[in-house]
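K.L.:
To start, I am sharing the structure in question, which I have written as structure tokens.
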Amino acid sequence: MMKYRPLGRTGVQVSAVTLGSMLFGTTTSSDEAANLVDQALDSGVNCLDTANVYGMGESEQALGEALRRNGRRDRLVLASKFHARVGDDPNDEGSSRRHIIQQVELSLRRLGVDHLDVYYVHRPTTLVPIDETLRALDDLVSTGKIRYVGTSGFAAWQLMESLWASKEHQLARTVVEQTAYSLLDRRVERELLPMAQTYGLGITVWSPLAGGVLTGKYRDPSAPQQTRFADDKDSDWASKHFTTAADDVVDGVVRIAKDRGCTPAQLCLAWLLAQPAVSSVVIGARDSDQLTDQLGAVTLELSADELAALDRISPPGRAVVPYFLDDSFADLRPHLHRW
């Protein structure tokens, strides 16, 4: 049975897991996407997550088609994002008012809806003052185009700056942060999660399985190669994840999951759901079997001994595979706070 949690201090109840749609319309066909959405909703999931940059709009398009088929949009907490480059025009990226207003209209059109429940600033930037971004988002809240403002990939100090600006200028405040968090990267436990709990922000989690590494599937040479690393195992992403330290964590996860009688994916997701700051975990499923497996984490209650064992293989506050330290955040590098 699905469990529900408050999204920060909003009063909105969200399912413990959110269905992510990054591969919809590309790797996952529109028909397959519609089936996954139906399966998720039938299981009690009430949160769907997408972004304008996923498949350059293909994800939103496929998700919109799925929503039109099942007719259950009003029961959902629907989220999308803006910020990443989506075209070759100099203004086709970022957090300016121009880009925000343009992109929300395009997202609404592709999704076939009249509003988004959460609109995330996909990444932080030092190139646009946060009050400029918040003022545009506040206008969207006032006009009913979006219900709530969210951020993704923000450090604790950036969220505090956002809250300060909202209070100073009487603007809609950020209510939720979507962050990378897994047994391979626990740095958010140092500052971000305590800050979110203190100020009533919800936390949603992306990459809870570290791109599938924590499932242990890369340890099995007979596993299907329909994976993020199948075609480029020398990529920067792969070089970060395929390390001795990461292998040690995966070995421990596989061992504990075997002792518990669950899959590694279920164990890692259940561990995240045991963290008090977490509102919902974004899961990405390629097919029905994967979705069924991951949904099984909702009812998996880990014991104190199991949680302690996971702390031993992945110490609190530590990062085995660090995120947000590559060249895509070059404009943040002088100000980057290492959590």
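Following the order of the structure tokens, first chain is A, next is B, and so on, with residues numbered from 1 inside each chain and ligands from 1 in the order they appear.
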Could you name the residues that touch A:Arg123 at 10 Å or less, counting only C-alpha atoms, but leaving out those on the same chain fewer than 3 positions away, as a ChimeraX atom specification?
P.N.:
/A:81-84,94-95,120,151-154,178,324,328-329
K.L.:
Restrict the calculation to only C-alpha atoms, then for each residue of stretch 21-80 of chain A with any atom at most 6 Å from an atom of stretch 99-119 of chain A give the closest atom pair and their distance in Å to one decimal, rows by chain and rising residue number, as JSON lines.
P.N.:
```
{"residue": "A:Glu60", "atom": "CA", "partner": "A:Leu111", "partner_atom": "CA", "distance": 5.4}
{"residue": "A:Gln61", "atom": "CA", "partner": "A:Arg110", "partner_atom": "CA", "distance": 4.8}
{"residue": "A:Gly64", "atom": "CA", "partner": "A:Leu111", "partner_atom": "CA", "distance": 3.9}
{"residue": "A:Val77", "atom": "CA", "partner": "A:Asp117", "partner_atom": "CA", "distance": 5.5}
{"residue": "A:Leu78", "atom": "CA", "partner": "A:Asp117", "partner_atom": "CA", "distance": 5.2}
{"residue": "A:Ala79", "atom": "CA", "partner": "A:Val118", "partner_atom": "CA", "distance": 4.6}
{"residue": "A:Ser80", "atom": "CA", "partner": "A:Tyr119", "partner_atom": "CA", "distance": 5.3}
```
K.L.:
Mind checking DSSP for stretch 86-316 of chain A and telling me the helix (DSSP H, G or I) residues as a ChimeraX atom specification?
P.N.:
/A:97-111,130-142,156-169,187-189,192-199,213-215,217-219,236-241,244-260,264-273,288-299,304-313
K.L.:
Write the residues you've just listed into a file as an mmCIF file, in the first residue's frame, and include C-alpha atoms for each of them.
P.N.:
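Okay, out.cif is ready:
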```cif
data_model
loop_
_atom_site.group_PDB
_atom_site.id
_atom_site.type_symbol
_atom_site.label_atom_id
_atom_site.label_comp_id
_atom_site.auth_asym_id
_atom_site.auth_seq_id
_atom_site.Cartn_x
_atom_site.Cartn_y
_atom_site.Cartn_z
ATOM 1 C CA ARG A 97 12.206 36.189 -16.467
ATOM 2 C CA ARG A 98 12.204 35.915 -20.245
ATOM 3 C CA HIS A 99 13.258 32.288 -20.239
ATOM 4 C CA ILE A 100 10.993 31.283 -17.342
ATOM 5 C CA ILE A 101 7.808 32.724 -18.884
ATOM 6 C CA GLN A 102 8.631 31.275 -22.290
ATOM 7 C CA GLN A 103 9.411 27.815 -20.968
ATOM 8 C CA VAL A 104 6.413 27.453 -18.654
ATOM 9 C CA GLU A 105 4.096 28.195 -21.572
ATOM 10 C CA LEU A 106 5.843 25.590 -23.729
ATOM 11 C CA SER A 107 5.759 23.010 -20.928
ATOM 12 C CA LEU A 108 2.055 23.578 -20.283
ATOM 13 C CA ARG A 109 1.336 23.224 -24.001
ATOM 14 C CA ARG A 110 3.286 19.976 -24.325
ATOM 15 C CA LEU A 111 1.722 18.520 -21.185
ATOM 16 C CA ILE A 130 17.717 34.969 -7.155
ATOM 17 C CA ASP A 131 15.166 37.740 -6.521
ATOM 18 C CA GLU A 132 14.854 38.266 -10.294
ATOM 19 C CA THR A 133 14.044 34.574 -10.740
ATOM 20 C CA LEU A 134 11.680 34.493 -7.758
ATOM 21 C CA ARG A 135 9.763 37.561 -8.939
ATOM 22 C CA ALA A 136 8.976 35.846 -12.248
ATOM 23 C CA LEU A 137 7.944 32.670 -10.423
ATOM 24 C CA ASP A 138 5.827 34.697 -7.996
ATOM 25 C CA ASP A 139 3.953 36.125 -10.982
ATOM 26 C CA LEU A 140 3.301 32.599 -12.240
ATOM 27 C CA VAL A 141 1.926 31.626 -8.834
ATOM 28 C CA SER A 142 -0.303 34.716 -8.800
ATOM 29 C CA ALA A 156 21.920 25.065 1.803
ATOM 30 C CA TRP A 157 23.310 28.600 1.550
ATOM 31 C CA GLN A 158 21.606 29.131 -1.806
ATOM 32 C CA LEU A 159 18.281 28.007 -0.380
ATOM 33 C CA MET A 160 18.737 30.353 2.571
ATOM 34 C CA GLU A 161 19.424 33.189 0.132
ATOM 35 C CA SER A 162 16.241 32.251 -1.709
ATOM 36 C CA LEU A 163 14.183 32.275 1.495
ATOM 37 C CA TRP A 164 15.687 35.600 2.522
ATOM 38 C CA ALA A 165 14.870 37.152 -0.848
ATOM 39 C CA SER A 166 11.301 35.870 -0.678
ATOM 40 C CA LYS A 167 10.829 37.400 2.759
ATOM 41 C CA GLU A 168 12.570 40.664 1.868
ATOM 42 C CA HIS A 169 10.548 41.206 -1.311
ATOM 43 C CA ARG A 187 26.846 15.021 1.650
ATOM 44 C CA VAL A 188 23.392 16.604 1.843
ATOM 45 C CA GLU A 189 23.119 15.223 5.363
ATOM 46 C CA LEU A 192 21.017 20.741 3.327
ATOM 47 C CA LEU A 193 18.736 18.264 5.092
ATOM 48 C CA PRO A 194 18.976 19.881 8.554
ATOM 49 C CA MET A 195 18.320 23.265 6.962
ATOM 50 C CA ALA A 196 15.278 21.911 5.084
ATOM 51 C CA GLN A 197 13.821 20.429 8.266
ATOM 52 C CA THR A 198 14.430 23.636 10.194
ATOM 53 C CA TYR A 199 12.689 25.866 7.639
ATOM 54 C CA VAL A 213 24.989 1.419 -10.015
ATOM 55 C CA LEU A 214 23.518 0.586 -6.602
ATOM 56 C CA THR A 215 21.312 -2.130 -8.088
ATOM 57 C CA LYS A 217 23.510 -4.800 -12.323
ATOM 58 C CA TYR A 218 26.917 -3.686 -13.594
ATOM 59 C CA ARG A 219 28.546 -6.471 -11.597
ATOM 60 C CA ASP A 236 33.037 11.076 -17.052
ATOM 61 C CA TRP A 237 29.862 9.730 -15.434
ATOM 62 C CA ALA A 238 31.167 6.178 -15.656
ATOM 63 C CA SER A 239 34.619 7.088 -14.351
ATOM 64 C CA LYS A 240 33.023 8.592 -11.235
ATOM 65 C CA HIS A 241 30.851 5.568 -10.545
ATOM 66 C CA THR A 244 36.918 0.613 -5.920
ATOM 67 C CA ALA A 245 35.186 2.633 -3.199
ATOM 68 C CA ALA A 246 31.868 2.523 -5.060
ATOM 69 C CA ASP A 247 32.273 -1.222 -5.657
ATOM 70 C CA ASP A 248 32.722 -1.741 -1.926
ATOM 71 C CA VAL A 249 29.445 0.031 -1.195
ATOM 72 C CA VAL A 250 27.613 -1.924 -3.905
ATOM 73 C CA ASP A 251 29.006 -5.199 -2.550
ATOM 74 C CA GLY A 252 27.686 -4.310 0.891
ATOM 75 C CA VAL A 253 24.271 -3.336 -0.476
ATOM 76 C CA VAL A 254 23.975 -6.588 -2.433
ATOM 77 C CA ARG A 255 24.955 -8.606 0.641
ATOM 78 C CA ILE A 256 22.486 -6.871 2.986
ATOM 79 C CA ALA A 257 19.696 -7.105 0.401
ATOM 80 C CA LYS A 258 20.297 -10.825 0.006
ATOM 81 C CA ASP A 259 20.133 -11.339 3.774
ATOM 82 C CA ARG A 260 16.891 -9.342 3.935
ATOM 83 C CA PRO A 264 19.308 -4.026 -3.925
ATOM 84 C CA ALA A 265 17.078 -1.363 -5.513
ATOM 85 C CA GLN A 266 14.399 -1.918 -2.888
ATOM 86 C CA LEU A 267 16.960 -1.751 -0.092
ATOM 87 C CA CYS A 268 18.453 1.545 -1.306
ATOM 88 C CA LEU A 269 15.057 3.163 -1.843
ATOM 89 C CA ALA A 270 13.769 1.950 1.527
ATOM 90 C CA TRP A 271 16.886 3.411 3.165
ATOM 91 C CA LEU A 272 16.104 6.811 1.632
ATOM 92 C CA LEU A 273 12.477 6.584 2.731
ATOM 93 C CA SER A 288 6.751 -2.628 -15.790
ATOM 94 C CA ASP A 289 8.994 -5.121 -14.007
ATOM 95 C CA GLN A 290 11.405 -2.409 -12.900
ATOM 96 C CA LEU A 291 8.537 -0.269 -11.680
ATOM 97 C CA THR A 292 7.029 -3.157 -9.724
ATOM 98 C CA ASP A 293 10.396 -3.858 -8.131
ATOM 99 C CA GLN A 294 10.978 -0.250 -7.089
ATOM 100 C CA LEU A 295 7.448 0.232 -5.770
ATOM 101 C CA GLY A 296 8.149 -2.688 -3.443
ATOM 102 C CA ALA A 297 10.429 -0.405 -1.419
ATOM 103 C CA VAL A 298 7.445 1.528 -0.042
ATOM 104 C CA THR A 299 6.409 -1.264 2.305
ATOM 105 C CA ALA A 304 17.893 -0.473 13.279
ATOM 106 C CA ASP A 305 20.564 -3.121 12.689
ATOM 107 C CA GLU A 306 20.140 -2.902 8.911
ATOM 108 C CA LEU A 307 20.328 0.893 8.976
ATOM 109 C CA ALA A 308 23.456 0.689 11.110
ATOM 110 C CA ALA A 309 25.005 -1.797 8.687
ATOM 111 C CA LEU A 310 24.353 0.588 5.785
ATOM 112 C CA ASP A 311 25.963 3.413 7.787
ATOM 113 C CA ARG A 312 29.063 1.270 8.172
ATOM 114 C CA ILE A 313 29.448 0.650 4.446
#
```
K.L.:
Find the residues near A:Gly55: any atom within 12 Å, counting only C-alpha atoms, skip ones fewer than 6 places away on the same chain, and give them as a ChimeraX atom specification.
P.N.:
/A:21-29,61-63,84-86
K.L.:
In Å, how far is it from atom CA of A:Leu76 to atom CA of A:Pro124?
P.N.:
26.5 Å
K.L.:
If you count only C-alpha atoms, which residues fall within 6 Å of A:Arg318, apart from same-chain ones fewer than 2 positions away, as a CSV table (one decimal) with N, CA and C atoms, in the first residue's frame?
P.N.:
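And here is the file that came out, result.csv:
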```csv
chain,number,residue,atom,x,y,z
A,186,ARG,N,26.2,11.1,0.3
A,186,ARG,CA,25.4,11.5,1.5
A,186,ARG,C,25.8,12.9,2.0
A,187,ARG,N,26.4,13.7,1.2
A,187,ARG,CA,26.8,15.0,1.7
A,187,ARG,C,25.7,15.9,2.1
A,315,PRO,N,29.4,5.8,5.3
A,315,PRO,CA,29.3,6.6,6.5
A,315,PRO,C,28.5,7.9,6.2
A,316,PRO,N,27.7,8.3,7.2
A,316,PRO,CA,26.9,9.5,7.1
A,316,PRO,C,27.7,10.8,6.7
```
K.L.:
Using backbone DSSP assignments, extract all strand (DSSP E) residues from stretch 85-267 of chain A; output them as an NGL selection string.
P.N.:
:A and (116-121 or 146-152 or 174-180 or 202-206)
